[in-house]
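Here is the file work36.cif (mmCIF, C-alpha atoms).
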data_protein
#
loop_
_atom_site.label_atom_id
_atom_site.label_comp_id
_atom_site.auth_asym_id
_atom_site.auth_seq_id
_atom_site.Cartn_x
_atom_site.Cartn_y
_atom_site.Cartn_z
CA MET A 13 74.27 76.98 91.22
CA THR A 14 72.07 73.99 90.42
CA PRO A 15 68.33 74.54 91.07
CA ASN A 16 67.50 74.27 94.79
CA ALA A 17 71.19 74.11 95.77
CA GLN A 18 72.32 76.65 98.34
CA PRO A 19 74.64 79.43 97.11
CA ALA A 20 78.36 78.67 97.38
CA VAL A 21 80.75 81.09 99.09
CA LEU A 22 84.54 80.79 98.85
CA ILE A 23 86.64 82.48 101.55
CA VAL A 24 90.37 82.84 100.90
CA ASP A 25 92.62 84.15 103.68
CA ASP A 26 96.08 83.00 104.74
CA GLU A 27 94.91 83.46 108.34
CA ASP A 28 93.00 80.39 109.44
CA MET A 29 91.36 82.35 112.27
CA VAL A 30 89.58 84.66 109.82
CA ILE A 31 88.15 81.70 107.90
CA THR A 32 87.01 80.05 111.16
CA SER A 33 85.26 83.22 112.33
CA ILE A 34 83.47 83.99 109.06
CA ARG A 35 82.51 80.36 108.55
CA ALA A 36 81.02 80.15 112.07
CA PHE A 37 79.02 83.32 111.50
CA LEU A 38 77.69 82.24 108.10
CA GLN A 39 76.88 78.77 109.42
CA LEU A 40 74.82 80.32 112.18
CA GLU A 41 72.98 82.80 109.98
CA THR A 42 72.65 81.09 106.58
CA GLU A 43 72.47 77.77 104.80
CA TYR A 44 75.24 78.70 102.32
CA ARG A 45 77.81 76.12 101.25
CA ILE A 46 81.05 77.56 102.60
CA THR A 47 84.56 76.65 101.51
CA GLY A 48 87.54 78.23 103.27
CA LEU A 49 91.08 77.99 101.86
CA THR A 50 94.31 79.48 103.21
CA SER A 51 96.25 79.14 99.96
CA PRO A 52 95.30 81.32 96.97
CA ALA A 53 96.91 78.76 94.62
CA GLU A 54 94.61 76.04 95.99
CA ALA A 55 91.67 78.42 95.66
CA VAL A 56 92.47 78.90 91.95
CA LYS A 57 92.44 75.10 91.51
CA PHE A 58 89.16 74.89 93.42
CA LEU A 59 87.55 77.49 91.14
CA GLU A 60 88.58 75.52 88.04
CA THR A 61 86.03 72.85 88.88
CA ASN A 62 83.62 74.33 91.43
CA PRO A 63 81.22 77.13 90.51
CA VAL A 64 80.65 79.65 93.31
CA GLU A 65 78.46 82.71 93.72
CA VAL A 66 80.82 84.84 95.85
CA ILE A 67 84.56 84.94 96.46
CA VAL A 68 85.77 86.76 99.59
CA SER A 69 89.53 87.24 99.53
CA ASP A 70 92.18 88.73 101.80
CA TYR A 71 94.61 91.24 100.27
CA LEU A 72 98.02 90.37 101.76
CA MET A 73 98.80 86.69 101.14
CA PRO A 74 102.00 84.79 100.32
CA LYS A 75 102.88 83.88 96.72
CA LEU A 76 99.71 85.42 95.24
CA THR A 77 98.24 88.72 96.49
CA GLY A 78 94.48 89.11 96.82
CA LEU A 79 94.42 91.21 93.65
CA GLN A 80 96.38 88.64 91.62
CA PHE A 81 94.13 85.88 92.93
CA LEU A 82 90.92 87.79 92.17
CA ALA A 83 92.19 88.55 88.64
CA LYS A 84 92.58 84.78 88.09
CA ALA A 85 89.17 84.17 89.65
CA LYS A 86 87.67 86.69 87.21
CA GLU A 87 89.13 84.74 84.27
CA LEU A 88 87.79 81.44 85.63
CA GLN A 89 84.35 82.54 86.82
CA PRO A 90 83.59 86.03 85.48
CA GLU A 91 80.08 86.15 86.98
CA ALA A 92 81.11 85.22 90.53
CA ALA A 93 81.11 88.40 92.65
CA ARG A 94 84.53 89.35 94.05
CA VAL A 95 84.88 90.88 97.52
CA LEU A 96 88.19 92.07 98.99
CA LEU A 97 88.45 91.82 102.78
CA THR A 98 91.57 93.55 103.95
CA GLY A 99 93.39 94.83 107.02
CA HIS A 100 95.75 96.71 104.73
CA ALA A 101 94.11 100.13 104.92
CA ASP A 102 95.45 101.50 101.69
CA LYS A 103 93.21 103.57 99.44
CA GLN A 104 95.47 102.93 96.45
CA SER A 105 95.00 99.15 96.68
CA ALA A 106 91.22 99.65 96.91
CA ILE A 107 91.15 101.81 93.78
CA GLN A 108 93.41 99.36 91.95
CA ALA A 109 91.19 96.46 93.01
CA ILE A 110 88.03 98.16 91.79
CA ASN A 111 89.60 99.06 88.45
CA ASP A 112 91.64 95.95 87.74
CA VAL A 113 89.50 93.10 88.96
CA GLY A 114 85.99 94.57 88.77
CA LEU A 115 85.52 94.33 92.51
CA PHE A 116 81.98 94.06 93.88
CA GLN A 117 82.88 95.39 97.33
CA TYR A 118 85.89 96.35 99.44
CA ILE A 119 85.59 95.61 103.18
CA GLU A 120 88.15 96.59 105.79
CA LYS A 121 89.25 94.47 108.75
CA PRO A 122 88.10 94.47 111.48
CA TRP A 123 84.89 93.74 109.62
CA ASP A 124 81.30 94.11 110.74
CA ASN A 125 79.41 90.82 110.46
CA GLN A 126 76.09 92.43 109.49
CA GLN A 127 77.77 94.47 106.76
CA LEU A 128 79.60 91.37 105.53
CA LEU A 129 76.34 89.41 105.40
CA LEU A 130 74.57 92.19 103.48
CA VAL A 131 77.44 92.35 100.99
CA ILE A 132 77.42 88.56 100.52
CA GLN A 133 73.62 88.51 100.09
CA SER A 134 73.68 91.26 97.44
CA ALA A 135 76.66 89.61 95.76
CA ILE A 136 74.73 86.33 95.51
CA GLU A 137 71.75 88.16 94.03
CA ARG A 138 73.97 89.91 91.48
CA THR A 139 75.70 86.67 90.47
CA SER A 140 72.40 84.88 90.14
CA LEU A 141 70.99 87.74 87.99
CA LEU A 142 74.10 87.73 85.81
CA ARG A 143 73.89 83.97 85.34
CA THR A 144 70.18 84.18 84.50
CA LEU A 145 70.95 86.99 82.05
CA ARG A 146 73.69 84.94 80.43
CA SER A 147 71.38 81.93 80.12
CA LYS A 148 68.60 84.13 78.63
CA ILE A 149 71.09 85.61 76.16
CA GLY A 150 72.06 82.04 75.24
CA GLU A 151 68.39 81.17 74.73
CA LEU A 152 67.89 84.32 72.63
CA ASP A 153 70.96 83.47 70.54
CA GLU A 154 69.61 79.99 69.99
CA ALA A 155 66.15 81.30 69.10
CA HIS A 156 67.75 83.84 66.75
CA SER A 157 69.79 81.19 65.00
CA ASN A 158 66.66 78.97 64.73
CA LEU A 159 64.77 81.90 63.20
CA LYS A 160 67.58 82.51 60.71
CA ASP A 161 67.47 78.86 59.81
CA VAL A 162 63.68 79.00 59.27
CA GLN A 163 64.10 82.22 57.30
CA SER A 164 66.69 80.69 54.99
CA ARG A 165 64.55 77.57 54.53
CA LEU A 166 61.54 79.76 53.71
CA LEU A 167 63.61 81.73 51.20
CA ARG A 168 64.83 78.52 49.62
CA ALA A 169 61.21 77.24 49.44
CA PHE A 170 59.98 80.35 47.64
CA LEU A 171 62.91 80.96 45.30
CA MET B 20 142.37 128.18 127.20
CA THR B 21 139.57 127.31 129.57
CA PRO B 22 136.88 129.24 127.64
CA VAL B 23 137.84 127.36 124.45
CA SER B 24 137.69 123.95 126.11
CA GLY B 25 134.43 125.08 127.71
CA ASP B 26 133.07 125.89 124.26
CA VAL B 27 134.25 122.54 122.95
CA ALA B 28 132.54 120.77 125.84
CA SER B 29 129.31 122.64 125.25
CA LEU B 30 129.46 122.01 121.48
CA ARG B 31 130.10 118.36 122.17
CA GLU B 32 127.10 118.24 124.46
CA GLU B 33 124.95 119.93 121.79
CA LEU B 34 126.18 117.45 119.23
CA GLU B 35 125.30 114.56 121.52
CA ILE B 36 121.81 115.96 122.08
CA ALA B 37 121.37 116.46 118.32
CA ASN B 38 122.54 112.88 117.69
CA ARG B 39 120.09 111.55 120.26
CA LYS B 40 117.26 113.50 118.64
CA LEU B 41 118.29 112.17 115.23
CA ALA B 42 118.35 108.60 116.57
CA GLU B 43 114.91 109.11 118.09
CA ALA B 44 113.51 110.61 114.88
CA HIS B 45 114.98 107.77 112.85
CA LYS B 46 113.52 105.18 115.21
CA MET B 47 110.06 106.71 114.87
CA ALA B 48 110.46 106.85 111.08
CA SER B 49 111.46 103.15 111.02
CA LEU B 50 108.42 102.23 113.09
CA GLY B 51 106.26 104.45 110.89
CA ARG B 52 107.34 102.51 107.83
CA LEU B 53 106.36 99.27 109.56
CA SER B 54 103.03 100.67 110.71
CA ALA B 55 100.97 99.39 107.75
CA GLY B 56 102.17 95.85 108.49
CA ILE B 57 101.61 96.25 112.23
CA VAL B 58 98.07 97.57 111.64
CA HIS B 59 97.33 94.58 109.40
CA GLU B 60 98.82 92.20 111.96
CA ILE B 61 96.57 93.59 114.69
CA ASN B 62 93.43 94.14 112.60
CA THR B 63 93.23 90.51 111.53
CA PRO B 64 92.91 89.01 115.04
CA VAL B 65 90.78 91.97 116.19
CA GLY B 66 88.38 91.21 113.31
CA SER B 67 88.18 87.59 114.39
CA ILE B 68 87.62 88.43 118.05
CA LEU B 69 84.83 90.92 117.29
CA SER B 70 83.12 88.52 114.92
CA ASN B 71 83.49 85.57 117.31
CA ASN B 72 82.15 87.58 120.21
CA GLU B 73 79.00 88.41 118.26
CA VAL B 74 78.57 84.80 117.10
CA ILE B 75 79.10 83.47 120.65
CA LEU B 76 76.50 85.87 122.10
CA ARG B 77 73.92 85.02 119.40
CA SER B 78 74.66 81.30 119.76
CA LEU B 79 74.24 81.38 123.53
CA GLY B 80 70.87 83.11 123.04
CA ARG B 81 69.74 80.37 120.64
CA ILE B 82 71.00 77.58 122.93
CA LYS B 83 69.13 79.11 125.84
CA ILE B 84 65.86 79.22 123.88
CA SER B 85 66.18 75.68 122.52
CA LEU B 86 67.14 74.27 125.95
CA ALA B 87 64.20 76.05 127.57
CA GLU B 88 61.85 74.60 124.94
CA ALA B 89 63.29 71.10 125.44
CA LEU B 90 62.98 71.44 129.21
CA GLU B 91 59.36 72.50 128.91
CA LYS B 92 58.58 69.43 126.80
CA GLY B 93 60.72 67.17 129.01
CA ALA B 94 62.77 66.30 125.89
CA PRO B 95 66.55 65.72 125.79
CA PRO B 96 68.80 68.65 124.75
CA PRO B 97 68.36 69.20 120.99
CA ALA B 98 71.24 68.01 118.75
CA LYS B 99 71.45 71.47 117.10
CA ALA B 100 72.20 73.06 120.50
CA LEU B 101 75.09 70.64 121.06
CA GLU B 102 76.38 71.37 117.56
CA ILE B 103 76.33 75.13 118.25
CA LEU B 104 78.16 74.52 121.55
CA ASP B 105 80.94 72.79 119.62
CA ILE B 106 81.23 75.74 117.25
CA ILE B 107 81.47 78.31 120.04
CA THR B 108 84.03 76.23 121.93
CA GLY B 109 86.17 76.36 118.77
CA LEU B 110 85.67 80.13 118.54
CA ALA B 111 86.76 80.64 122.14
CA ALA B 112 89.99 78.80 121.30
CA VAL B 113 90.49 81.06 118.26
CA ASP B 114 89.96 84.11 120.49
CA LYS B 115 92.73 82.98 122.81
CA LEU B 116 95.14 82.63 119.88
CA ALA B 117 94.05 85.99 118.49
CA CYS B 118 94.65 87.74 121.84
CA GLU B 119 98.09 86.13 122.10
CA ARG B 120 98.92 87.40 118.60
CA ILE B 121 97.96 90.97 119.47
CA SER B 122 99.75 90.91 122.79
CA GLY B 123 102.91 89.55 121.10
CA VAL B 124 102.98 92.43 118.61
CA VAL B 125 102.31 95.00 121.33
CA ARG B 126 105.10 93.54 123.50
CA SER B 127 107.56 93.79 120.60
CA LEU B 128 106.42 97.29 119.80
CA LYS B 129 107.01 98.38 123.41
CA THR B 130 110.69 97.40 123.14
CA PHE B 131 111.15 99.91 120.33
CA ALA B 132 108.72 102.61 121.31
CA ARG B 133 110.37 103.33 124.67
CA VAL B 134 110.97 107.06 124.47
CA SER B 135 113.87 107.26 126.92
CA ASP B 136 116.13 104.35 127.53
CA HIS B 137 119.40 106.11 127.93
CA ASP B 138 120.72 104.01 130.77
CA ILE B 139 122.98 101.08 130.32
CA ARG B 140 121.41 97.90 131.61
CA LYS B 141 121.82 94.18 131.22
CA ALA B 142 119.64 92.91 128.41
CA ASP B 143 118.85 89.61 126.74
CA ILE B 144 120.07 90.16 123.16
CA ASN B 145 118.22 87.05 121.94
CA GLU B 146 114.96 88.52 123.21
CA LEU B 147 115.69 91.79 121.37
CA VAL B 148 116.34 89.75 118.20
CA GLN B 149 113.02 87.94 118.58
CA HIS B 150 111.09 91.21 119.04
CA THR B 151 112.84 92.61 115.95
CA LEU B 152 111.90 89.57 113.87
CA LYS B 153 108.30 89.72 115.06
CA LEU B 154 107.90 93.37 114.04
CA SER B 155 109.71 92.92 110.72
CA GLY B 156 107.61 89.84 110.06
CA THR B 157 104.41 91.88 110.18
CA VAL B 158 105.47 93.50 106.91
CA PHE B 159 107.66 90.95 105.16
CA ARG B 160 106.71 87.47 106.38
CA ARG B 161 104.57 86.72 103.32
CA HIS B 162 107.63 86.65 101.08
CA VAL B 163 110.55 86.45 103.49
CA ASN B 164 111.26 83.51 105.76
CA PHE B 165 112.75 84.80 109.02
CA VAL B 166 115.04 82.34 110.76
CA ALA B 167 116.40 82.80 114.29
CA ASP B 168 119.48 80.71 115.06
CA LEU B 169 120.14 81.89 118.59
CA GLY B 170 123.04 80.68 120.68
CA GLU B 171 123.26 80.78 124.44
CA LEU B 172 124.21 84.30 125.55
CA PRO B 173 124.89 85.90 128.91
CA PRO B 174 123.07 89.14 129.78
CA VAL B 175 124.79 91.96 127.86
CA GLU B 176 125.35 95.48 129.19
CA CYS B 177 123.91 97.79 126.54
CA PHE B 178 121.41 100.50 125.71
CA PRO B 179 118.57 98.11 124.81
CA ALA B 180 116.41 100.59 122.85
CA LEU B 181 119.39 101.82 120.81
CA PHE B 182 120.67 98.32 120.15
CA SER B 183 117.17 97.22 119.13
CA GLN B 184 117.20 100.07 116.64
CA VAL B 185 120.39 98.68 115.08
CA LEU B 186 118.81 95.22 114.83
CA LEU B 187 115.63 96.64 113.29
CA ASN B 188 117.63 98.68 110.73
CA LEU B 189 119.68 95.68 109.67
CA VAL B 190 116.79 93.19 109.55
CA VAL B 191 114.49 95.57 107.61
CA ASN B 192 117.36 96.40 105.19
CA ALA B 193 117.94 92.66 104.73
CA ALA B 194 114.26 91.99 104.00
CA GLN B 195 114.00 94.97 101.64
CA ALA B 196 116.98 93.63 99.67
CA ILE B 197 114.99 90.51 98.78
CA GLU B 198 113.07 90.64 95.51
CA GLY B 199 110.54 87.82 95.31
CA GLU B 200 110.99 85.13 97.95
CA GLY B 201 114.00 84.67 100.21
CA ALA B 202 115.25 84.31 103.76
CA VAL B 203 116.74 86.46 106.51
CA THR B 204 118.69 84.54 109.12
CA VAL B 205 119.80 86.08 112.41
CA ARG B 206 122.46 84.17 114.34
CA THR B 207 123.83 85.03 117.76
CA ARG B 208 126.76 83.60 119.65
CA GLN B 209 129.25 84.45 122.35
CA GLU B 210 132.85 85.00 121.28
CA GLY B 211 135.06 85.45 124.34
CA GLY B 212 134.11 88.73 125.98
CA SER B 213 131.81 89.78 123.14
CA VAL B 214 128.57 88.74 121.52
CA LEU B 215 128.27 88.46 117.76
CA VAL B 216 125.00 89.02 115.91
CA GLU B 217 124.97 88.01 112.25
CA ILE B 218 122.18 89.16 109.93
CA GLU B 219 122.26 87.25 106.66
CA ASP B 220 119.95 87.75 103.70
CA THR B 221 119.48 86.11 100.31
CA GLY B 222 118.84 89.45 98.64
CA ARG B 223 120.37 91.32 95.75
CA GLY B 224 123.67 92.09 97.53
CA ILE B 225 125.69 95.30 97.55
CA SER B 226 127.60 96.30 94.42
CA ALA B 227 131.37 96.84 94.64
CA ALA B 228 130.84 100.52 93.83
CA ASP B 229 128.44 100.99 96.78
CA ARG B 230 130.42 99.10 99.41
CA GLU B 231 132.48 102.05 100.57
CA LYS B 232 129.44 104.29 100.80
CA VAL B 233 127.02 102.16 102.81
CA PHE B 234 127.92 103.64 106.20
CA ARG B 235 127.92 107.21 104.85
CA ALA B 236 125.07 109.40 106.10
CA GLY B 237 122.65 110.25 103.30
CA PHE B 238 123.60 107.29 101.10
CA THR B 239 120.69 105.08 100.05
CA THR B 240 119.75 102.94 97.08
CA LYS B 241 116.14 102.67 98.23
CA PRO B 242 113.25 104.52 96.63
CA ILE B 243 111.94 107.68 98.34
CA GLY B 244 109.77 106.71 101.31
CA GLU B 245 111.54 103.41 101.94
CA GLY B 246 114.82 104.67 103.32
CA THR B 247 116.25 107.79 104.94
CA GLY B 248 119.87 107.09 104.11
CA ILE B 249 120.89 107.42 107.75
CA GLY B 250 120.01 103.93 109.02
CA LEU B 251 123.43 102.38 108.56
CA SER B 252 125.46 105.43 109.56
CA LEU B 253 123.35 105.67 112.70
CA SER B 254 123.71 101.94 113.34
CA ARG B 255 127.48 102.22 113.09
CA GLU B 256 127.48 105.14 115.47
CA ILE B 257 125.35 103.24 117.99
CA VAL B 258 127.49 100.10 117.77
CA VAL B 259 130.90 101.80 117.73
CA GLU B 260 130.38 104.97 119.77
CA ASN B 261 127.70 103.90 122.24
CA HIS B 262 128.71 100.29 122.72
CA GLY B 263 132.41 100.15 121.84
CA GLY B 264 131.71 97.43 119.30
CA THR B 265 132.28 96.80 115.60
CA ILE B 266 130.06 96.47 112.55
CA ALA B 267 131.13 94.98 109.22
CA PHE B 268 129.65 93.13 106.27
CA ASP B 269 130.30 90.65 103.45
CA SER B 270 128.29 90.84 100.27
CA GLU B 271 128.02 89.08 96.97
CA PRO B 272 125.85 90.73 94.32
CA GLY B 273 122.97 88.45 93.36
CA LYS B 274 123.53 86.14 96.36
CA GLY B 275 123.10 88.24 99.47
CA THR B 276 124.70 90.14 102.31
CA THR B 277 125.74 89.32 105.86
CA PHE B 278 126.23 92.01 108.50
CA TYR B 279 128.35 91.23 111.59
CA VAL B 280 127.74 93.21 114.76
CA ARG B 281 129.98 92.64 117.78
CA ILE B 282 129.56 94.31 121.14
CA PRO B 283 131.33 93.63 124.45
CA ILE B 284 129.36 91.79 127.11
CA GLU B 285 130.54 94.29 129.69
CA HIS B 286 130.22 97.89 128.68
CA THR B 287 133.53 99.73 128.86
CA ARG B 288 132.72 103.19 127.52
CA THR B 289 131.00 106.01 129.29
CA GLN B 290 129.51 108.11 126.51
CA GLN B 291 125.84 108.52 125.60
#
Kindly transcribe the structure held in the file into structure tokens.
Amino acid sequence: MTPNAQPAVLIVDDEDMVITSIRAFLQLETEYRITGLTSPAEAVKFLETNPVEVIVSDYLMPKLTGLQFLAKAKELQPEAARVLLTGHADKQSAIQAINDVGLFQYIEKPWDNQQLLLVIQSAIERTSLLRTLRSKIGELDEAHSNLKDVQSRLLRAFL
Amino acid sequence: MTPVSGDVASLREELEIANRKLAEAHKMASLGRLSAGIVHEINTPVGSILSNNEVILRSLGRIKISLAEALEKGAPPPAKALEILDIITGLAAVDKLACERISGVVRSLKTFARVSDHDIRKADINELVQHTLKLSGTVFRRHVNFVADLGELPPVECFPALFSQVLLNLVVNAAQAIEGEGAVTVRTRQEGGSVLVEIEDTGRGISAADREKVFRAGFTTKPIGEGTGIGLSLSREIVVENHGGTIAFDSEPGKGTTFYVRIPIEHTRTQQ
């Protein structure tokens, strides 16, 4: 997320009506940039070039299941929080999702809008913290390598 | 001799009752296996309706406030209020679609869930096929393309719930035979005094070794939990014994299978 830009949320569900409903709710309650896609393959392409803070995905979709899609999303944008929104009430798929794709949250359909909003808000916070952490680690690495450089120059100066 | 024939008659009656119970149990098991798909199919539109209802109520509240403020100032209706109105009009349209989806699934479910439908009546076989495809689609439509190629048919005298069970068995079997993506096509047509229903799949096919066994009770190649092994034997019994029809199939391993079910338009047998 560029400074001052609103957080980006990607919703992937093969049911257009779900995207319409969640988009309308988020539009009313937040200023987030919302992208809704019905094809997981298109969503993978989208993630290749567009950083997002949260990905909300359905479980049962054609060609690519929600778990397969979220695994690809994890490779492309590891910090983006992954949320599975599913009507497929199957404990096994929830456990698999948490273990395999490092899921942030698992929400069942029919969903509760307030719960969904809370999950998205905490997911954005987590992603933003992770990205800040990564940038700080980068800065530390750079400072460390600068220090090593100074140290080696000092050593060379004295020896 | 009379007592013996009396015993035979009573045994026959017991057997018929047992068969009916078996058919009923199998029907409920078939529906049970589809239940996860049906739940998903209903939960998705229900989720949308609930969410939309909340958004519409909140939006109406906001519109009311902003219109009241505009009215007080003598200003025109704010642009944001008109924008929100557009959004909620769209949501109302989604709600209509969502309700139609749920009611379609429930209608199809009712065809199968009828507990007692032991009377012969005239039924629209094409309608039974469409209900079968709708229910099967709840589970398989993400990787199986269901095609209905339905010819013009007269009303057919049959046991609709039992015949629906045959259709469901054959269509679910066809979809389960497909690994990856494929298609199940159901064709209907009238052939003289009979109707023919063809169920064709692009699945793995039936091996030569299994062909003779497919109608045998207890035979299944499906994993535990996916099949009872009585679906096809029961289907044959329903088609042949209850309807005086025939059931046959062609299969090519690796290419697919087609089942042919023929039943007379006018029922000629009296059992059931």
Practice item. Quick one: everything within 12 Å of A:Val131, counting all atoms listed in the file, minus sequence neighbours fewer than 2 positions away in the same chain. Send it as number ranges by chain. Key: A: 21, 66-68, 93-97, 115-119, 123-129, 133-138
Review point. Which residues of chain A are close to chain B, meaning at most 6 Å apart when you count only C-alpha atoms, and how do they look as number ranges by chain?
Key: A: 30, 33, 37, 74, 99-100, 121-123
Exercise for review: For A:Gly48, please output as a list in words all residues within 8 Å (counting all atoms listed in the file; exclusion window: fewer than 2 positions along the same chain).
Suggested key: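 That gives Leu22, Ile23, Val24, Asp25, Ile31, Arg35, Ile46 and Thr50 of chain A.
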Check your understanding: Smallest atom-to-atom distance to A:Met29: which of B:Arg120, B:Gly275, B:Leu154, B:Ile218, using only C-alpha atoms?
Key ->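 So, comparing all the options, the nearest one is B:Arg120.
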Practice item. Could you tell me how far atom CA of B:Ala48 lies from atom CA of B:Thr130, in Å and to one decimal? Key: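 Separation between atom CA of B:Ala48 and atom CA of B:Thr130: 15.3 Å.
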Point to revise | Counting all atoms listed in the file, the residue of B:Val280, B:Val166, B:Val203, B:Val148 that sits nearest B:Glu217 | key: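 Looking at the shortest contact to B:Glu217, the residue is B:Val280.
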Point to revise | Picked residues, the PyMOL selection byres ((chain B and resi 282) around 9), expected as a PyMOL selection string | key: chain B and resi 175+177+212-216+258-259+262-266+280-281+283-286
**Study point:** Shortest interatomic distance to A:Gly114 - which of A:Ala17, A:Leu145, A:Met73, A:Leu82, counting all atoms listed in the file
**Key:** A:Leu82
Practice item. Measuring atom to atom with only C-alpha atoms, identify which of A:Gln89, A:Ser69, A:Gln39, A:Arg45 is nearest to A:Glu27. Key: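 Among A:Gln89, A:Ser69, A:Gln39, A:Arg45, it is A:Ser69 that comes nearest to A:Glu27.
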Check your understanding: Residues picked by the PyMOL selection byres ((chain B and resi 202) around 7) here, as a PyMOL selection string?
Key -> chain B and resi 163-165+201+203-204+220-221
Practice item. Enumerate, as a list in words, the residues matched when the PyMOL selection byres ((chain B and resi 150) around 9) is run on the file above. Key: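 Taken over the shown coordinates, the PyMOL selection byres ((chain B and resi 150) around 9) returns Gly123, Val124, Arg126, Ser127, Leu128, Thr130, Phe131, Asn145, Glu146, Leu147, Val148, Gln149, Thr151, Leu152, Lys153, Leu154, Ser155 and Ser183 of chain B.
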**Study point:** Atomic separation - atom CA of B:Ser54 relative to atom CA of B:Ala180, Å
**Key:**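 Straight-line distance from atom CA of B:Ala180 to atom CA of B:Ser54 works out to 18.1 Å.
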List every protein, DNA or RNA residue with an atom no more than 6 Å from (67.1, 71.7, 118.9) in the file's coordinates, counting all atoms listed in the file, and format the result as a CSV table (one decimal) with C-alpha atoms, in the coordinates of the input.
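Result written to out_9.csv:
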chain,number,residue,atom,x,y,z
B,85,SER,CA,66.2,75.7,122.5
B,97,PRO,CA,68.4,69.2,121.0
B,98,ALA,CA,71.2,68.0,118.8
B,99,LYS,CA,71.4,71.5,117.1
B,100,ALA,CA,72.2,73.1,120.5
As AutoDock Vina command-line options, please: the centre and edge lengths in Å, to one decimal, of an axis-aligned box enclosing every listed atom of stretch 57-61 of chain A with 5 Å added on each side.
--center_x 89.2 --center_y 75.2 --center_z 90.7 --size_x 16.4 --size_y 14.6 --size_z 15.4
Review point. Could you state the separation of atom CA of B:Val190 and atom CA of B:Cys118 in Å, given to one decimal place?
Key: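 Taking atom CA of B:Val190 as the start and atom CA of B:Cys118 as the end point, the length is 25.9 Å.
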